[in-house]
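entry.txt follows; it contains compact mmCIF, C-alpha atoms and all ligand atoms.
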# COMPACT_ATOMS: atom_id res chain seq x y z
CA MET V 29 8.31 18.45 -23.95
CA ILE V 30 9.84 15.19 -25.08
CA GLY V 31 9.03 13.32 -28.30
CA THR V 32 8.16 9.68 -27.48
CA GLN V 33 7.83 8.17 -30.93
CA ARG V 34 9.76 4.87 -31.20
CA THR V 35 12.00 5.90 -34.09
CA LEU V 36 15.30 7.70 -34.53
CA GLY V 37 15.27 10.46 -37.10
CA VAL V 38 14.66 14.12 -37.75
CA GLY V 39 11.01 15.00 -38.10
CA PRO V 40 7.97 16.10 -36.13
CA PRO V 41 7.14 13.55 -33.39
CA GLY V 42 3.89 11.62 -33.69
CA SER V 43 3.60 11.52 -29.90
CA ALA V 44 5.08 13.56 -27.08
CA LEU V 45 4.93 14.03 -23.35
CA LEU V 46 4.62 17.52 -21.85
CA TYR V 47 5.84 17.70 -18.27
CA THR V 48 5.01 20.45 -15.84
CA ILE V 49 7.35 20.57 -12.85
CA ALA V 50 5.92 22.36 -9.82
CA SER V 51 7.80 22.70 -6.56
CA PRO V 52 8.30 25.11 -3.68
CA VAL V 53 11.33 27.34 -4.12
CA GLY V 54 13.54 29.14 -1.64
CA PRO V 55 14.39 32.81 -1.99
CA TYR V 56 16.70 33.42 -4.95
CA TYR V 57 18.81 35.80 -2.86
CA PRO V 58 18.69 34.34 0.69
CA THR V 59 20.87 37.19 1.99
CA GLY V 60 19.46 39.93 -0.21
CA PHE V 61 20.60 41.10 -3.65
CA LYS V 62 24.12 40.46 -4.88
CA ALA V 63 25.06 42.62 -7.87
CA VAL V 64 26.80 40.66 -10.63
CA SER V 65 29.68 41.28 -13.04
CA LEU V 66 29.08 40.51 -16.72
CA GLU V 67 31.44 39.72 -19.55
CA ALA V 68 30.25 40.89 -22.98
CA THR V 69 30.67 37.90 -25.29
CA THR V 70 32.19 38.99 -28.60
CA TYR V 71 32.96 35.58 -30.19
CA ALA V 72 29.52 33.89 -30.11
CA VAL V 73 25.86 34.88 -30.47
CA ARG V 74 22.85 33.48 -28.61
CA ALA V 75 20.25 34.12 -31.32
CA TRP V 76 19.93 35.54 -34.82
CA PRO V 77 17.21 36.97 -37.09
CA GLY V 78 15.00 34.21 -38.50
CA GLY V 79 16.11 31.79 -35.75
CA VAL V 80 14.34 30.49 -32.64
CA GLY V 81 15.92 32.69 -29.94
CA ASN V 82 12.46 33.95 -28.96
CA SER V 83 11.37 30.45 -27.82
CA LYS V 84 12.22 28.52 -24.66
CA LEU V 85 13.72 25.56 -26.52
CA GLY V 86 16.35 23.33 -24.95
CA ALA V 87 18.39 23.84 -28.12
CA ASN V 88 18.86 27.53 -27.19
CA TYR V 89 20.52 26.79 -23.85
CA ALA V 90 23.22 24.16 -24.43
CA PRO V 91 25.30 26.53 -26.63
CA CYS V 92 25.28 29.10 -23.80
CA ILE V 93 27.23 26.90 -21.41
CA VAL V 94 30.73 27.36 -22.86
CA PRO V 95 30.53 31.20 -23.02
CA GLN V 96 29.22 31.16 -19.44
CA MET V 97 32.09 28.96 -18.27
CA GLN V 98 34.61 31.12 -20.09
CA ALA V 99 33.20 34.28 -18.50
CA ALA V 100 33.40 32.53 -15.10
CA SER V 101 37.02 31.54 -15.71
CA ARG V 102 37.82 35.25 -16.03
CA GLY V 103 36.00 36.10 -12.80
CA PHE V 104 32.60 37.17 -14.20
CA HIS V 105 29.28 35.83 -12.90
CA GLN V 106 27.50 35.77 -16.25
CA ASN V 107 27.93 36.68 -19.88
CA LEU V 108 26.19 39.47 -21.77
CA TRP V 109 24.92 38.54 -25.23
CA LEU V 110 25.52 40.97 -28.07
CA PHE V 111 24.46 40.89 -31.70
CA GLU V 112 26.68 42.70 -34.19
CA GLU V 113 25.01 44.38 -37.13
CA GLY V 114 25.75 47.56 -39.09
CA GLY V 115 29.07 48.00 -37.27
CA GLU V 116 27.40 48.15 -33.84
CA GLU V 117 27.30 45.53 -31.08
CA TRP V 118 23.68 45.57 -29.90
CA VAL V 119 22.89 44.47 -26.37
CA THR V 120 20.36 41.62 -26.36
CA GLU V 121 20.10 39.57 -23.14
CA VAL V 122 22.12 38.51 -20.11
CA GLY V 123 22.60 34.75 -19.60
CA THR V 124 18.96 33.59 -19.54
CA MET V 125 17.41 36.90 -18.54
CA ASN V 126 16.22 39.98 -20.39
CA LEU V 127 18.30 43.10 -19.76
CA PHE V 128 17.26 46.62 -18.77
CA ALA V 129 19.49 49.71 -18.69
CA ALA V 130 18.65 53.07 -17.14
CA ILE V 131 20.64 56.07 -18.36
CA VAL V 132 20.29 59.81 -18.70
CA ASN V 133 20.05 60.14 -22.48
CA LYS V 134 21.65 62.83 -24.66
CA ASP V 135 18.52 65.02 -24.24
CA GLY V 136 19.03 64.98 -20.48
CA LYS V 137 15.98 62.73 -19.87
CA LYS V 138 16.03 59.66 -17.66
CA GLU V 139 15.44 56.63 -19.88
CA LEU V 140 14.72 52.99 -19.04
CA MET V 141 15.31 50.76 -22.03
CA THR V 142 15.35 47.13 -23.11
CA ALA V 143 15.94 45.43 -26.46
CA PRO V 144 12.88 45.20 -28.76
CA LEU V 145 11.12 41.91 -29.54
CA ASP V 146 12.66 41.37 -32.98
CA GLY V 147 12.68 37.56 -32.88
CA THR V 148 16.10 37.31 -31.18
CA ILE V 149 14.82 38.15 -27.69
CA LEU V 150 12.91 35.82 -25.34
CA GLU V 151 9.58 37.48 -24.63
CA GLY V 152 9.88 37.23 -20.86
CA VAL V 153 6.83 37.82 -18.70
CA THR V 154 9.08 39.67 -16.21
CA ARG V 155 10.27 41.98 -19.03
CA ASP V 156 6.65 42.63 -19.96
CA SER V 157 5.63 43.24 -16.32
CA ILE V 158 8.53 45.68 -15.78
CA LEU V 159 7.64 47.61 -18.94
CA GLU V 160 4.00 47.85 -17.90
CA LEU V 161 4.84 48.96 -14.34
CA ALA V 162 7.44 51.42 -15.65
CA ARG V 163 4.94 52.98 -18.07
CA GLU V 164 2.35 53.22 -15.32
CA ARG V 165 4.60 54.37 -12.44
CA LEU V 166 7.89 55.80 -13.80
CA VAL V 167 6.61 57.78 -16.79
CA PRO V 168 4.59 60.09 -14.47
CA GLU V 169 7.89 60.74 -12.64
CA GLY V 170 9.39 62.01 -15.92
CA TRP V 171 11.02 58.79 -17.17
CA GLU V 172 11.10 57.72 -20.80
CA VAL V 173 10.49 53.99 -21.22
CA ASN V 174 11.63 52.47 -24.50
CA GLU V 175 11.86 49.12 -26.25
CA ARG V 176 14.70 49.97 -28.60
CA ARG V 177 18.08 48.77 -29.77
CA PHE V 178 21.03 50.05 -27.77
CA SER V 179 24.68 49.20 -28.21
CA VAL V 180 27.30 48.30 -25.67
CA ARG V 181 29.20 51.37 -26.91
CA GLU V 182 26.20 53.53 -25.89
CA LEU V 183 26.44 52.08 -22.37
CA ALA V 184 30.21 52.70 -22.28
CA GLU V 185 29.64 56.32 -23.36
CA ALA V 186 26.93 56.84 -20.76
CA ASP V 187 29.37 55.58 -18.12
CA LYS V 188 32.20 57.81 -19.36
CA GLU V 189 29.96 60.88 -19.48
CA GLY V 190 28.44 60.31 -16.03
CA ARG V 191 24.99 59.44 -17.47
CA MET V 192 24.82 55.77 -16.39
CA LEU V 193 22.14 55.10 -13.76
CA GLU V 194 21.76 51.32 -13.47
CA VAL V 195 21.58 48.01 -15.33
CA PHE V 196 19.70 44.87 -14.30
CA GLY V 197 18.60 41.50 -15.64
CA ALA V 198 14.94 40.43 -15.43
CA GLY V 199 13.49 36.91 -15.23
CA THR V 200 11.05 34.82 -13.20
CA ALA V 201 13.53 33.17 -10.83
CA ALA V 202 15.23 36.29 -9.47
CA VAL V 203 12.68 38.91 -10.66
CA VAL V 204 15.59 41.36 -11.08
CA SER V 205 19.36 40.86 -10.95
CA PRO V 206 21.38 44.07 -10.55
CA VAL V 207 24.60 44.45 -12.58
CA ARG V 208 27.70 46.11 -11.12
CA ASN V 209 29.91 46.20 -14.20
CA ILE V 210 30.41 44.86 -17.72
CA GLY V 211 33.75 43.74 -19.10
CA TRP V 212 33.81 44.66 -22.79
CA LYS V 213 36.95 43.95 -24.82
CA ASP V 214 39.73 45.60 -22.80
CA SER V 215 37.51 47.99 -20.87
CA MET V 216 35.21 47.80 -17.85
CA ILE V 217 31.87 49.60 -17.95
CA ASN V 218 30.72 50.74 -14.52
CA CYS V 219 26.93 50.38 -14.29
CA GLY V 220 26.38 53.14 -11.74
CA LEU V 221 25.98 51.23 -8.46
CA GLU V 222 27.52 52.85 -5.41
CA ALA V 223 30.36 50.70 -4.04
CA ASP V 224 28.45 49.74 -0.87
CA LYS V 225 25.12 49.04 -2.64
CA GLU V 226 23.95 45.81 -4.26
CA ALA V 227 20.96 47.26 -6.17
CA GLY V 228 19.96 50.54 -7.76
CA PRO V 229 16.64 52.23 -6.96
CA ILE V 230 14.79 51.10 -10.12
CA ALA V 231 15.75 47.41 -9.70
CA GLN V 232 14.81 47.60 -6.02
CA ARG V 233 11.45 49.23 -6.68
CA MET V 234 10.62 46.81 -9.52
CA LYS V 235 11.38 43.85 -7.25
CA ASP V 236 9.26 45.32 -4.43
CA TRP V 237 6.37 46.14 -6.78
CA ILE V 238 6.35 42.73 -8.51
CA GLU V 239 6.75 40.72 -5.29
CA GLY V 240 4.04 42.84 -3.66
CA ILE V 241 1.69 41.79 -6.48
CA GLN V 242 2.86 38.13 -6.45
CA TYR V 243 2.37 37.76 -2.70
CA GLY V 244 -0.98 39.55 -2.75
CA ASP V 245 0.26 42.42 -0.56
CA GLU V 246 -1.03 44.72 -3.29
CA THR V 247 -4.47 44.14 -4.84
CA HIS V 248 -3.77 43.99 -8.55
CA PRO V 249 -5.42 42.56 -11.71
CA TRP V 250 -2.38 40.26 -12.23
CA SER V 251 -2.92 38.24 -9.06
CA PHE V 252 -5.88 36.25 -7.80
CA LYS V 253 -6.60 35.03 -4.28
CA ILE V 254 -7.67 31.37 -4.37
C1 LIG Q 1 13.43 32.51 -19.41
C2 LIG Q 1 14.21 33.54 -20.13
C3 LIG Q 1 14.01 34.91 -19.89
C4 LIG Q 1 13.07 35.43 -18.84
O1 LIG Q 1 11.75 35.10 -19.08
P1 LIG Q 1 10.67 35.18 -17.89
O2 LIG Q 1 9.39 34.81 -18.59
O3 LIG Q 1 10.67 36.58 -17.40
O4 LIG Q 1 11.10 34.21 -16.84
C5 LIG Q 1 14.75 35.82 -20.64
N1 LIG Q 1 15.65 35.42 -21.55
C6 LIG Q 1 15.88 34.11 -21.80
C7 LIG Q 1 16.89 33.74 -22.82
C8 LIG Q 1 15.17 33.12 -21.08
O5 LIG Q 1 15.41 31.85 -21.31

Please express the file's structure as structure tokens.
Amino acid sequence: MIGTQRTLGVGPPGSALLYTIASPVGPYYPTGFKAVSLEATTYAVRAWPGGVGNSKLGANYAPCIVPQMQAASRGFHQNLWLFEEGGEEWVTEVGTMNLFAAIVNKDGKKELMTAPLDGTILEGVTRDSILELARERLVPEGWEVNERRFSVRELAEADKEGRMLEVFGAGTAAVVSPVRNIGWKDSMINCGLEADKEAGPIAQRMKDWIEGIQYGDETHPWSFKI
């Protein structure tokens, strides 16, 4: 959406043009999934309480480019956004995707979790779809599904204690994007993928379920045949 008023200045535009771009797209992963490596960014934040991180505004994306380039210069595919508060570094999002982590929690239960919608998280439709499918299809298998804060230290501990299952990003373009490892300060968190695998079972099933609904292979209230 672009303001078209013929003045320069800061203020609400009196006129604007809203563009919708529609085009065919190729497969995001032409040769199948490729798990990515993330660098946890500790010197910049993407969003903050009371800000506009929960909106798809152009202003939210330009500041992400330098941390992404810096992560790339150190051999990572993407950066992981943290928000530090109360002495903990909370995991928020990955690049321009929401993030899910699956661990065995301290009570021995399998848990799928993602950061809560506290105003700093983009309310992705893929995030919402994954939560709904997980509650419908994984909870009966004994999973806990939670929207809750979790710290990068909690992920590091789960890895160290053999409780890490998998981590993946979620967004419209790729549906899911599996994560192999996370560089955090001087350590590397292994996200539970076997060396010869590019996706864990939850990411794979979520992708299959969502694409099955999108392509109409599964009759579902979210998709309509026209
Ligand atoms: C677009 C976007 C997402 C994913 O949203 P979807 O509606 O699932 O495509 C997540 N986080 C950020 C920061 C985004 O810009």

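For range 94-101 of chain V, the residues within 12 Å (counting all atoms listed in the file, excluding itself and residues fewer than 3 positions away along the chain) are Val64, Ser65, Leu66, Glu67, Ala68, Thr69, Thr70, Tyr71, Ala72, Val73, Arg74, Tyr89, Ala90, Pro91, Phe104, His105, Gln106, Asn107, Leu108, Trp109, Val122, Gly123, Thr124, Ile210, Gly211 and Trp212 of chain V.
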
With the cut-off set at 9 Å and counting all atoms listed in the file, tabulate each residue of chain V with an atom at most that distance from an atom of ligand LIG 1 (chain Q), showing the nearest atom pair and its distance in Å to one decimal, ordered by chain and increasing number, as a tab-separated table.
residue	atom	partner	partner_atom	distance
V:Arg74	CA	Q:LIG1	C7	8.3
V:Gly81	CA	Q:LIG1	C7	7.3
V:Asn82	CA	Q:LIG1	C7	7.6
V:Ser83	CA	Q:LIG1	O5	7.8
V:Lys84	CA	Q:LIG1	O5	5.7
V:Leu85	CA	Q:LIG1	O5	8.3
V:Asn88	CA	Q:LIG1	C7	7.8
V:Tyr89	CA	Q:LIG1	O5	7.6
V:Glu121	CA	Q:LIG1	N1	6.3
V:Val122	CA	Q:LIG1	N1	7.3
V:Gly123	CA	Q:LIG1	C7	6.6
V:Thr124	CA	Q:LIG1	C6	3.9
V:Met125	CA	Q:LIG1	C5	3.6
V:Asn126	CA	Q:LIG1	C5	4.4
V:Leu127	CA	Q:LIG1	C5	8.1
V:Ile149	CA	Q:LIG1	N1	6.8
V:Leu150	CA	Q:LIG1	N1	4.7
V:Glu151	CA	Q:LIG1	O1	6.4
V:Gly152	CA	Q:LIG1	O1	3.3
V:Val153	CA	Q:LIG1	O2	4.0
V:Thr154	CA	Q:LIG1	O3	3.7
V:Arg155	CA	Q:LIG1	O3	5.7
V:Asp156	CA	Q:LIG1	O3	7.7
V:Ser157	CA	Q:LIG1	O3	8.4
V:Gly197	CA	Q:LIG1	C5	8.5
V:Ala198	CA	Q:LIG1	O3	6.1
V:Gly199	CA	Q:LIG1	O3	3.6
V:Thr200	CA	Q:LIG1	O4	3.7
V:Ala201	CA	Q:LIG1	O4	6.6
V:Ala202	CA	Q:LIG1	O4	8.7
V:Val203	CA	Q:LIG1	O3	7.4

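Closest approach to Lys188 in chain V among V:Thr142, V:Ser215, V:Thr48, V:Thr35 is made by V:Ser215 (distances from all atoms listed in the file).
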
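CA of Lys62 in chain V is positioned 9.1 Å from CA of Arg208 in chain V.
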
For range 184-186 of chain V, work out the shell of residues within 12 Å, counting all atoms listed in the file and skipping chain neighbours fewer than 4 positions away, then give it as a PDB file with C-alpha atoms, keeping the file's coordinate frame.
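Printed below is out.pdb as written:
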ATOM      1  CA  ALA V  68      30.250  40.890 -22.980  1.00  0.00           C
ATOM      2  CA  GLU V 117      27.300  45.530 -31.080  1.00  0.00           C
ATOM      3  CA  VAL V 119      22.890  44.470 -26.370  1.00  0.00           C
ATOM      4  CA  ALA V 129      19.490  49.710 -18.690  1.00  0.00           C
ATOM      5  CA  ALA V 130      18.650  53.070 -17.140  1.00  0.00           C
ATOM      6  CA  ILE V 131      20.640  56.070 -18.360  1.00  0.00           C
ATOM      7  CA  VAL V 132      20.290  59.810 -18.700  1.00  0.00           C
ATOM      8  CA  ASN V 133      20.050  60.140 -22.480  1.00  0.00           C
ATOM      9  CA  LYS V 134      21.650  62.830 -24.660  1.00  0.00           C
ATOM     10  CA  GLY V 136      19.030  64.980 -20.480  1.00  0.00           C
ATOM     11  CA  LYS V 138      16.030  59.660 -17.660  1.00  0.00           C
ATOM     12  CA  GLU V 139      15.440  56.630 -19.880  1.00  0.00           C
ATOM     13  CA  PHE V 178      21.030  50.050 -27.770  1.00  0.00           C
ATOM     14  CA  SER V 179      24.680  49.200 -28.210  1.00  0.00           C
ATOM     15  CA  VAL V 180      27.300  48.300 -25.670  1.00  0.00           C
ATOM     16  CA  GLY V 190      28.440  60.310 -16.030  1.00  0.00           C
ATOM     17  CA  ARG V 191      24.990  59.440 -17.470  1.00  0.00           C
ATOM     18  CA  MET V 192      24.820  55.770 -16.390  1.00  0.00           C
ATOM     19  CA  LEU V 193      22.140  55.100 -13.760  1.00  0.00           C
ATOM     20  CA  GLU V 194      21.760  51.320 -13.470  1.00  0.00           C
ATOM     21  CA  VAL V 195      21.580  48.010 -15.330  1.00  0.00           C
ATOM     22  CA  ASN V 209      29.910  46.200 -14.200  1.00  0.00           C
ATOM     23  CA  ILE V 210      30.410  44.860 -17.720  1.00  0.00           C
ATOM     24  CA  GLY V 211      33.750  43.740 -19.100  1.00  0.00           C
ATOM     25  CA  TRP V 212      33.810  44.660 -22.790  1.00  0.00           C
ATOM     26  CA  LYS V 213      36.950  43.950 -24.820  1.00  0.00           C
ATOM     27  CA  ASP V 214      39.730  45.600 -22.800  1.00  0.00           C
ATOM     28  CA  SER V 215      37.510  47.990 -20.870  1.00  0.00           C
ATOM     29  CA  MET V 216      35.210  47.800 -17.850  1.00  0.00           C
ATOM     30  CA  ILE V 217      31.870  49.600 -17.950  1.00  0.00           C
ATOM     31  CA  ASN V 218      30.720  50.740 -14.520  1.00  0.00           C
ATOM     32  CA  CYS V 219      26.930  50.380 -14.290  1.00  0.00           C
ATOM     33  CA  GLY V 220      26.380  53.140 -11.740  1.00  0.00           C
TER      34      GLY V 220
END

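For the pair CA of Val204 in chain V and CA of Gln232 in chain V, the interatomic distance is 8.1 Å.
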
CA of Thr120 in chain V to CA of Ala63 in chain V measures 19.1 Å

Leu166 in chain V environment, 10 Å, all atoms listed in the file, sequence neighbours closer than 4 positions dropped, as a VMD selection string: chain V and resid 138 to 140 159 to 162 170 to 173 230
